[in-house]
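Structure first, then comments.
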Amino acid sequence: MRWVIHGEEEAWGNRWLSVRRLDVEQPDGERFDYHAVRLKDIAAAVVTRDECVLLMWRHRFLTDTWAWEIPMGIIEAGESPEAAAARELEEETGWRADGLSELIRSEPAAGIMDSRHFVYRATSATRIGEPTELNESDRIEWIPLADVPGMIARHEIVSGITLVGLQQLLLSERG
């Protein structure tokens, strides 16, 4: 059931994403234009210590919502996902992981977008100073892991990559 791409061109783009028009053929032979987004891959970090997780309280202007998120950002050209997760953690929170391991990888909207999300975990971190990214969050706090399910239920955590990372963490803690 593989679709075939016969051609592709950019409709609009910038340094982060590209809206593409694809000439696709379905397995039944029907051929048509399909629109998709090619977005750079994202890396994130779930950092825990003393039964708490490091979260950032931030506003997302597109949806005009406030919620808790894990540190995350675009993987730059030539950068590994793990290095990007470590960099974003430091820039956005002022904490340096004492080592990262892969927690989970997801493709949040594979039917329309090609971005992969890599989530890493650290079980300890060292405070190295104030965040250097000054436009990322209002607060950075260590939140008890036991509070996370209730926060999700109350829609205090809504970011897809944050949900995937924290839920995977909670699942792995059970087993």
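The chains in the structure tokens are called A, B, ... from first to last as shown; in each chain the residues are counted from 1, and the ligands are counted from 1 in the order shown.
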So that I can see what lies close to segment 68-84 of chain A, please list as an mmCIF file with N, CA, C and O atoms, in the first residue's frame the residues with an atom at most 9 Å from it, counting only C-alpha atoms and leaving out residues fewer than 6 positions away in the same chain.
data_model
loop_
_atom_site.group_PDB
_atom_site.id
_atom_site.type_symbol
_atom_site.label_atom_id
_atom_site.label_comp_id
_atom_site.auth_asym_id
_atom_site.auth_seq_id
_atom_site.Cartn_x
_atom_site.Cartn_y
_atom_site.Cartn_z
ATOM 1 N N TRP A 16 12.860 27.268 8.810
ATOM 2 C CA TRP A 16 12.376 26.203 9.684
ATOM 3 C C TRP A 16 11.502 25.183 8.978
ATOM 4 O O TRP A 16 11.491 24.023 9.326
ATOM 5 N N LYS A 40 11.839 20.847 10.169
ATOM 6 C CA LYS A 40 13.051 20.306 10.783
ATOM 7 C C LYS A 40 12.699 19.432 11.986
ATOM 8 O O LYS A 40 11.681 19.627 12.642
ATOM 9 N N ASP A 41 13.569 18.472 12.255
ATOM 10 C CA ASP A 41 13.383 17.589 13.403
ATOM 11 C C ASP A 41 13.554 18.369 14.708
ATOM 12 O O ASP A 41 14.259 19.378 14.754
ATOM 13 N N ILE A 42 12.923 17.852 15.775
ATOM 14 C CA ILE A 42 12.902 18.502 17.080
ATOM 15 C C ILE A 42 13.525 17.564 18.110
ATOM 16 O O ILE A 42 13.318 16.350 18.063
ATOM 17 N N ALA A 43 14.262 18.138 19.049
ATOM 18 C CA ALA A 43 14.823 17.372 20.165
ATOM 19 C C ALA A 43 14.344 17.992 21.471
ATOM 20 O O ALA A 43 14.154 19.205 21.558
ATOM 21 N N ALA A 44 14.141 17.135 22.466
ATOM 22 C CA ALA A 44 13.641 17.592 23.763
ATOM 23 C C ALA A 44 14.294 16.783 24.876
ATOM 24 O O ALA A 44 14.857 15.712 24.633
ATOM 25 N N ALA A 45 14.173 17.300 26.100
ATOM 26 C CA ALA A 45 14.768 16.631 27.255
ATOM 27 C C ALA A 45 13.779 16.549 28.411
ATOM 28 O O ALA A 45 13.171 17.550 28.785
ATOM 29 N N VAL A 46 13.633 15.344 28.950
ATOM 30 C CA VAL A 46 12.890 15.113 30.185
ATOM 31 C C VAL A 46 13.949 14.905 31.262
ATOM 32 O O VAL A 46 14.701 13.940 31.207
ATOM 33 N N VAL A 47 14.013 15.834 32.203
ATOM 34 C CA VAL A 47 15.031 15.776 33.253
ATOM 35 C C VAL A 47 14.335 15.546 34.584
ATOM 36 O O VAL A 47 13.408 16.277 34.947
ATOM 37 N N VAL A 53 10.221 16.492 37.956
ATOM 38 C CA VAL A 53 10.600 16.691 36.569
ATOM 39 C C VAL A 53 10.725 18.203 36.319
ATOM 40 O O VAL A 53 9.943 18.987 36.844
ATOM 41 N N LEU A 54 11.715 18.583 35.525
ATOM 42 C CA LEU A 54 11.973 19.986 35.205
ATOM 43 C C LEU A 54 11.041 20.425 34.075
ATOM 44 O O LEU A 54 11.089 19.876 32.973
ATOM 45 N N LEU A 55 10.176 21.416 34.367
ATOM 46 C CA LEU A 55 9.227 21.914 33.379
ATOM 47 C C LEU A 55 9.288 23.430 33.280
ATOM 48 O O LEU A 55 9.688 24.105 34.227
ATOM 49 N N MET A 56 8.850 23.922 32.126
ATOM 50 C CA MET A 56 8.819 25.361 31.847
ATOM 51 C C MET A 56 7.375 25.788 31.640
ATOM 52 O O MET A 56 6.632 25.147 30.882
ATOM 53 N N TRP A 57 6.966 26.874 32.273
ATOM 54 C CA TRP A 57 5.627 27.441 32.096
ATOM 55 C C TRP A 57 5.733 28.455 30.971
ATOM 56 O O TRP A 57 6.489 29.426 31.061
ATOM 57 N N ARG A 58 4.999 28.215 29.887
ATOM 58 C CA ARG A 58 5.167 29.109 28.745
ATOM 59 C C ARG A 58 3.874 29.381 28.016
ATOM 60 O O ARG A 58 2.932 28.612 28.069
ATOM 61 N N HIS A 59 3.894 30.489 27.311
ATOM 62 C CA HIS A 59 2.765 30.927 26.500
ATOM 63 C C HIS A 59 3.059 30.588 25.050
ATOM 64 O O HIS A 59 4.159 30.834 24.555
ATOM 65 N N GLU A 90 20.022 23.552 28.260
ATOM 66 C CA GLU A 90 20.860 24.604 28.842
ATOM 67 C C GLU A 90 20.356 26.002 28.485
ATOM 68 O O GLU A 90 20.241 26.867 29.351
ATOM 69 N N GLU A 91 20.070 26.225 27.190
ATOM 70 C CA GLU A 91 19.643 27.550 26.755
ATOM 71 C C GLU A 91 18.327 27.973 27.401
ATOM 72 O O GLU A 91 18.164 29.133 27.788
ATOM 73 N N GLU A 92 17.378 27.040 27.506
ATOM 74 C CA GLU A 92 16.039 27.393 27.964
ATOM 75 C C GLU A 92 15.855 27.347 29.477
ATOM 76 O O GLU A 92 14.952 27.995 30.003
ATOM 77 N N THR A 93 16.696 26.567 30.173
ATOM 78 C CA THR A 93 16.491 26.419 31.624
ATOM 79 C C THR A 93 17.678 26.810 32.490
ATOM 80 O O THR A 93 17.506 27.044 33.680
ATOM 81 N N LEU A 100 22.517 12.066 28.918
ATOM 82 C CA LEU A 100 21.203 11.872 28.306
ATOM 83 C C LEU A 100 21.114 10.481 27.690
ATOM 84 O O LEU A 100 22.099 9.975 27.147
ATOM 85 N N SER A 101 19.934 9.886 27.774
ATOM 86 C CA SER A 101 19.673 8.622 27.090
ATOM 87 C C SER A 101 18.352 8.756 26.348
ATOM 88 O O SER A 101 17.463 9.507 26.771
ATOM 89 N N GLU A 102 18.228 8.023 25.247
ATOM 90 C CA GLU A 102 17.012 8.129 24.448
ATOM 91 C C GLU A 102 15.820 7.605 25.240
ATOM 92 O O GLU A 102 15.876 6.518 25.813
ATOM 93 N N HIS A 117 10.370 13.766 16.243
ATOM 94 C CA HIS A 117 10.609 14.330 17.571
ATOM 95 C C HIS A 117 11.391 13.318 18.406
ATOM 96 O O HIS A 117 10.926 12.202 18.627
ATOM 97 N N PHE A 118 12.571 13.727 18.848
ATOM 98 C CA PHE A 118 13.454 12.880 19.642
ATOM 99 C C PHE A 118 13.417 13.382 21.083
ATOM 100 O O PHE A 118 13.728 14.553 21.333
ATOM 101 N N VAL A 119 13.062 12.510 22.019
ATOM 102 C CA VAL A 119 13.002 12.898 23.424
ATOM 103 C C VAL A 119 14.047 12.096 24.189
ATOM 104 O O VAL A 119 14.083 10.862 24.110
ATOM 105 N N TYR A 120 14.872 12.821 24.930
ATOM 106 C CA TYR A 120 15.925 12.220 25.736
ATOM 107 C C TYR A 120 15.603 12.394 27.206
ATOM 108 O O TYR A 120 14.833 13.269 27.594
ATOM 109 N N MET A 151 -2.079 17.072 36.047
ATOM 110 C CA MET A 151 -1.808 18.237 35.203
ATOM 111 C C MET A 151 -2.239 17.970 33.767
ATOM 112 O O MET A 151 -2.778 18.850 33.104
ATOM 113 N N GLU A 156 -3.083 21.294 31.739
ATOM 114 C CA GLU A 156 -1.954 22.151 32.091
ATOM 115 C C GLU A 156 -0.703 21.718 31.336
ATOM 116 O O GLU A 156 0.294 22.438 31.311
ATOM 117 N N ILE A 157 -0.756 20.539 30.727
ATOM 118 C CA ILE A 157 0.288 20.023 29.838
ATOM 119 C C ILE A 157 -0.436 19.601 28.567
ATOM 120 O O ILE A 157 -1.273 18.695 28.599
ATOM 121 N N VAL A 158 -0.147 20.284 27.446
ATOM 122 C CA VAL A 158 -0.854 19.998 26.194
ATOM 123 C C VAL A 158 0.068 19.808 24.995
ATOM 124 O O VAL A 158 -0.361 19.293 23.961
ATOM 125 N N SER A 159 1.306 20.220 25.080
ATOM 126 C CA SER A 159 2.252 20.072 23.976
ATOM 127 C C SER A 159 2.448 18.596 23.653
ATOM 128 O O SER A 159 2.709 17.781 24.544
ATOM 129 N N ILE A 161 4.911 16.856 22.125
ATOM 130 C CA ILE A 161 6.205 16.265 22.469
ATOM 131 C C ILE A 161 6.357 16.143 23.986
ATOM 132 O O ILE A 161 6.926 15.182 24.484
ATOM 133 N N THR A 162 5.803 17.110 24.719
ATOM 134 C CA THR A 162 5.843 17.034 26.181
ATOM 135 C C THR A 162 4.993 15.870 26.671
ATOM 136 O O THR A 162 5.421 15.094 27.533
ATOM 137 N N LEU A 163 3.781 15.727 26.124
ATOM 138 C CA LEU A 163 2.910 14.611 26.512
ATOM 139 C C LEU A 163 3.569 13.269 26.213
ATOM 140 O O LEU A 163 3.586 12.373 27.060
ATOM 141 N N GLY A 165 6.751 12.518 25.832
ATOM 142 C CA GLY A 165 7.905 12.290 26.693
ATOM 143 C C GLY A 165 7.521 11.962 28.122
ATOM 144 O O GLY A 165 8.035 11.009 28.717
ATOM 145 N N LEU A 166 6.609 12.741 28.697
ATOM 146 C CA LEU A 166 6.222 12.508 30.089
ATOM 147 C C LEU A 166 5.438 11.212 30.251
ATOM 148 O O LEU A 166 5.637 10.479 31.233
#
(request) Identify, with DSSP run on backbone atoms, the residues in segment 23-130 of chain A assigned to strand (DSSP E), and express the list as a ChimeraX atom specification. (result) /A:23-25,31-39,42-49,52-60,65-69,72-74,95-97,101-106,117-122,125-127
(message) Which residue is closest to Phe61 of chain A? Choose from A:Glu173, A:Glu88, A:Glu136, A:Asp33 and count only C-alpha atoms.
(response) A:Glu136
(message) Can you tell me, as a ChimeraX atom specification, which residues in chain A count as helix (DSSP H, G or I) by DSSP?
(response) /A:81-93,145-153,160-174
(message) Just to confirm, what's the straight-line distance from atom CA of Pro108 of chain A to atom CA of Val164 of chain A in Å (one decimal)?
(response)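 About the pair atom CA of Pro108 of chain A and atom CA of Val164 of chain A: they are 9.4 Å apart.
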(request) Would you kindly return, as a PyMOL selection string, each protein, DNA or RNA residue with an atom no farther than 9 Å from any atom of Val19 of chain A, considering only C-alpha atoms and excluding same-chain residues fewer than 4 positions away? (result) chain A and resi 9-13+35-39
(request) In Å, rounded to a single decimal, give me how far atom CA of Leu89 of chain A is from atom CA of Pro131 of chain A. (result)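 Distance between the two atoms: 8.9 Å.
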(message) Which residues are near Val4 of chain A? Cut-off 10 Å, only C-alpha atoms, ignore same chain within fewer than 2 positions. Put them as a ChimeraX atom specification.
(response) /A:1-2,6-7,22-27,29,31
Based on the selection just made, write all heavy atoms of those residues as a compact mmCIF listing (two decimals), in the first residue's frame.
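The resulting again_19.txt:
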# COMPACT_ATOMS: atom_id res chain seq x y z
N MET A 1 0.83 -1.19 0.00
CA MET A 1 0.00 0.00 0.00
C MET A 1 0.87 1.26 0.00
O MET A 1 0.61 2.18 0.74
CB MET A 1 -0.94 -0.02 1.19
CG MET A 1 -1.89 -1.19 1.25
SD MET A 1 -2.97 -1.34 -0.19
CE MET A 1 -4.07 0.01 0.04
N ARG A 2 1.93 1.26 -0.77
CA ARG A 2 2.86 2.38 -0.80
C ARG A 2 2.42 3.43 -1.81
O ARG A 2 2.13 3.12 -2.96
CB ARG A 2 4.24 1.87 -1.14
CG ARG A 2 5.29 2.93 -1.08
CD ARG A 2 6.66 2.36 -1.39
NE ARG A 2 7.65 3.36 -1.09
CZ ARG A 2 8.77 3.12 -0.46
NH1 ARG A 2 9.06 1.90 -0.06
NH2 ARG A 2 9.61 4.10 -0.22
N HIS A 6 5.76 11.42 -7.49
CA HIS A 6 6.31 11.62 -8.84
C HIS A 6 7.03 12.95 -8.97
O HIS A 6 7.86 13.11 -9.86
CB HIS A 6 5.19 11.54 -9.89
CG HIS A 6 4.62 10.16 -10.02
ND1 HIS A 6 5.26 9.13 -10.66
CD2 HIS A 6 3.45 9.65 -9.57
CE1 HIS A 6 4.53 8.05 -10.61
NE2 HIS A 6 3.41 8.32 -9.96
N GLY A 7 6.70 13.90 -8.11
CA GLY A 7 7.34 15.20 -8.15
C GLY A 7 6.99 15.99 -6.91
O GLY A 7 6.03 15.69 -6.21
N LEU A 22 3.06 18.10 -3.66
CA LEU A 22 3.57 16.82 -4.15
C LEU A 22 2.60 16.23 -5.17
O LEU A 22 1.39 16.29 -4.99
CB LEU A 22 3.72 15.83 -3.00
CG LEU A 22 4.84 16.07 -2.00
CD1 LEU A 22 4.51 17.19 -1.05
CD2 LEU A 22 5.13 14.81 -1.23
N ASP A 23 3.16 15.68 -6.23
CA ASP A 23 2.41 14.92 -7.24
C ASP A 23 2.48 13.47 -6.78
O ASP A 23 3.54 12.84 -6.88
CB ASP A 23 3.05 15.12 -8.61
CG ASP A 23 2.45 14.25 -9.69
OD1 ASP A 23 1.40 13.61 -9.47
OD2 ASP A 23 3.06 14.19 -10.77
N VAL A 24 1.38 12.95 -6.21
CA VAL A 24 1.39 11.61 -5.63
C VAL A 24 0.46 10.67 -6.38
O VAL A 24 -0.52 11.08 -7.00
CB VAL A 24 1.01 11.62 -4.13
CG1 VAL A 24 1.99 12.46 -3.33
CG2 VAL A 24 -0.41 12.08 -3.90
N GLU A 25 0.79 9.38 -6.28
CA GLU A 25 -0.04 8.33 -6.84
C GLU A 25 -0.34 7.33 -5.73
O GLU A 25 0.58 6.82 -5.08
CB GLU A 25 0.68 7.62 -7.99
CG GLU A 25 -0.13 6.54 -8.65
CD GLU A 25 0.62 5.88 -9.79
OE1 GLU A 25 1.62 6.44 -10.28
OE2 GLU A 25 0.20 4.78 -10.20
N GLN A 26 -1.63 7.07 -5.52
CA GLN A 26 -2.05 6.10 -4.52
C GLN A 26 -1.90 4.68 -5.07
O GLN A 26 -1.79 4.49 -6.30
CB GLN A 26 -3.51 6.33 -4.13
CG GLN A 26 -3.73 7.61 -3.36
CD GLN A 26 -5.20 7.79 -3.03
OE1 GLN A 26 -6.05 7.74 -3.90
NE2 GLN A 26 -5.47 8.02 -1.75
N PRO A 27 -1.93 3.67 -4.22
CA PRO A 27 -1.80 2.28 -4.69
C PRO A 27 -2.86 1.88 -5.72
O PRO A 27 -2.59 1.04 -6.58
CB PRO A 27 -1.95 1.46 -3.41
CG PRO A 27 -1.45 2.38 -2.34
CD PRO A 27 -1.90 3.75 -2.76
N GLY A 29 -3.80 3.66 -8.14
CA GLY A 29 -3.47 4.31 -9.40
C GLY A 29 -3.93 5.75 -9.51
O GLY A 29 -3.54 6.45 -10.45
N ARG A 31 -3.94 9.58 -9.16
CA ARG A 31 -2.85 10.53 -9.03
C ARG A 31 -3.43 11.92 -8.80
O ARG A 31 -4.40 12.31 -9.45
CB ARG A 31 -2.02 10.50 -10.31
CG ARG A 31 -0.67 11.10 -10.18
CD ARG A 31 0.18 10.67 -11.36
NE ARG A 31 1.31 11.55 -11.51
CZ ARG A 31 2.29 11.37 -12.36
NH1 ARG A 31 2.27 10.33 -13.17
NH2 ARG A 31 3.28 12.22 -12.44
(message) Quick check, in Å to one decimal: how far apart do atom CA of Ile128 of chain A and atom CA of Arg96 of chain A lie?
(response)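 These atoms are spaced 6.5 Å apart.
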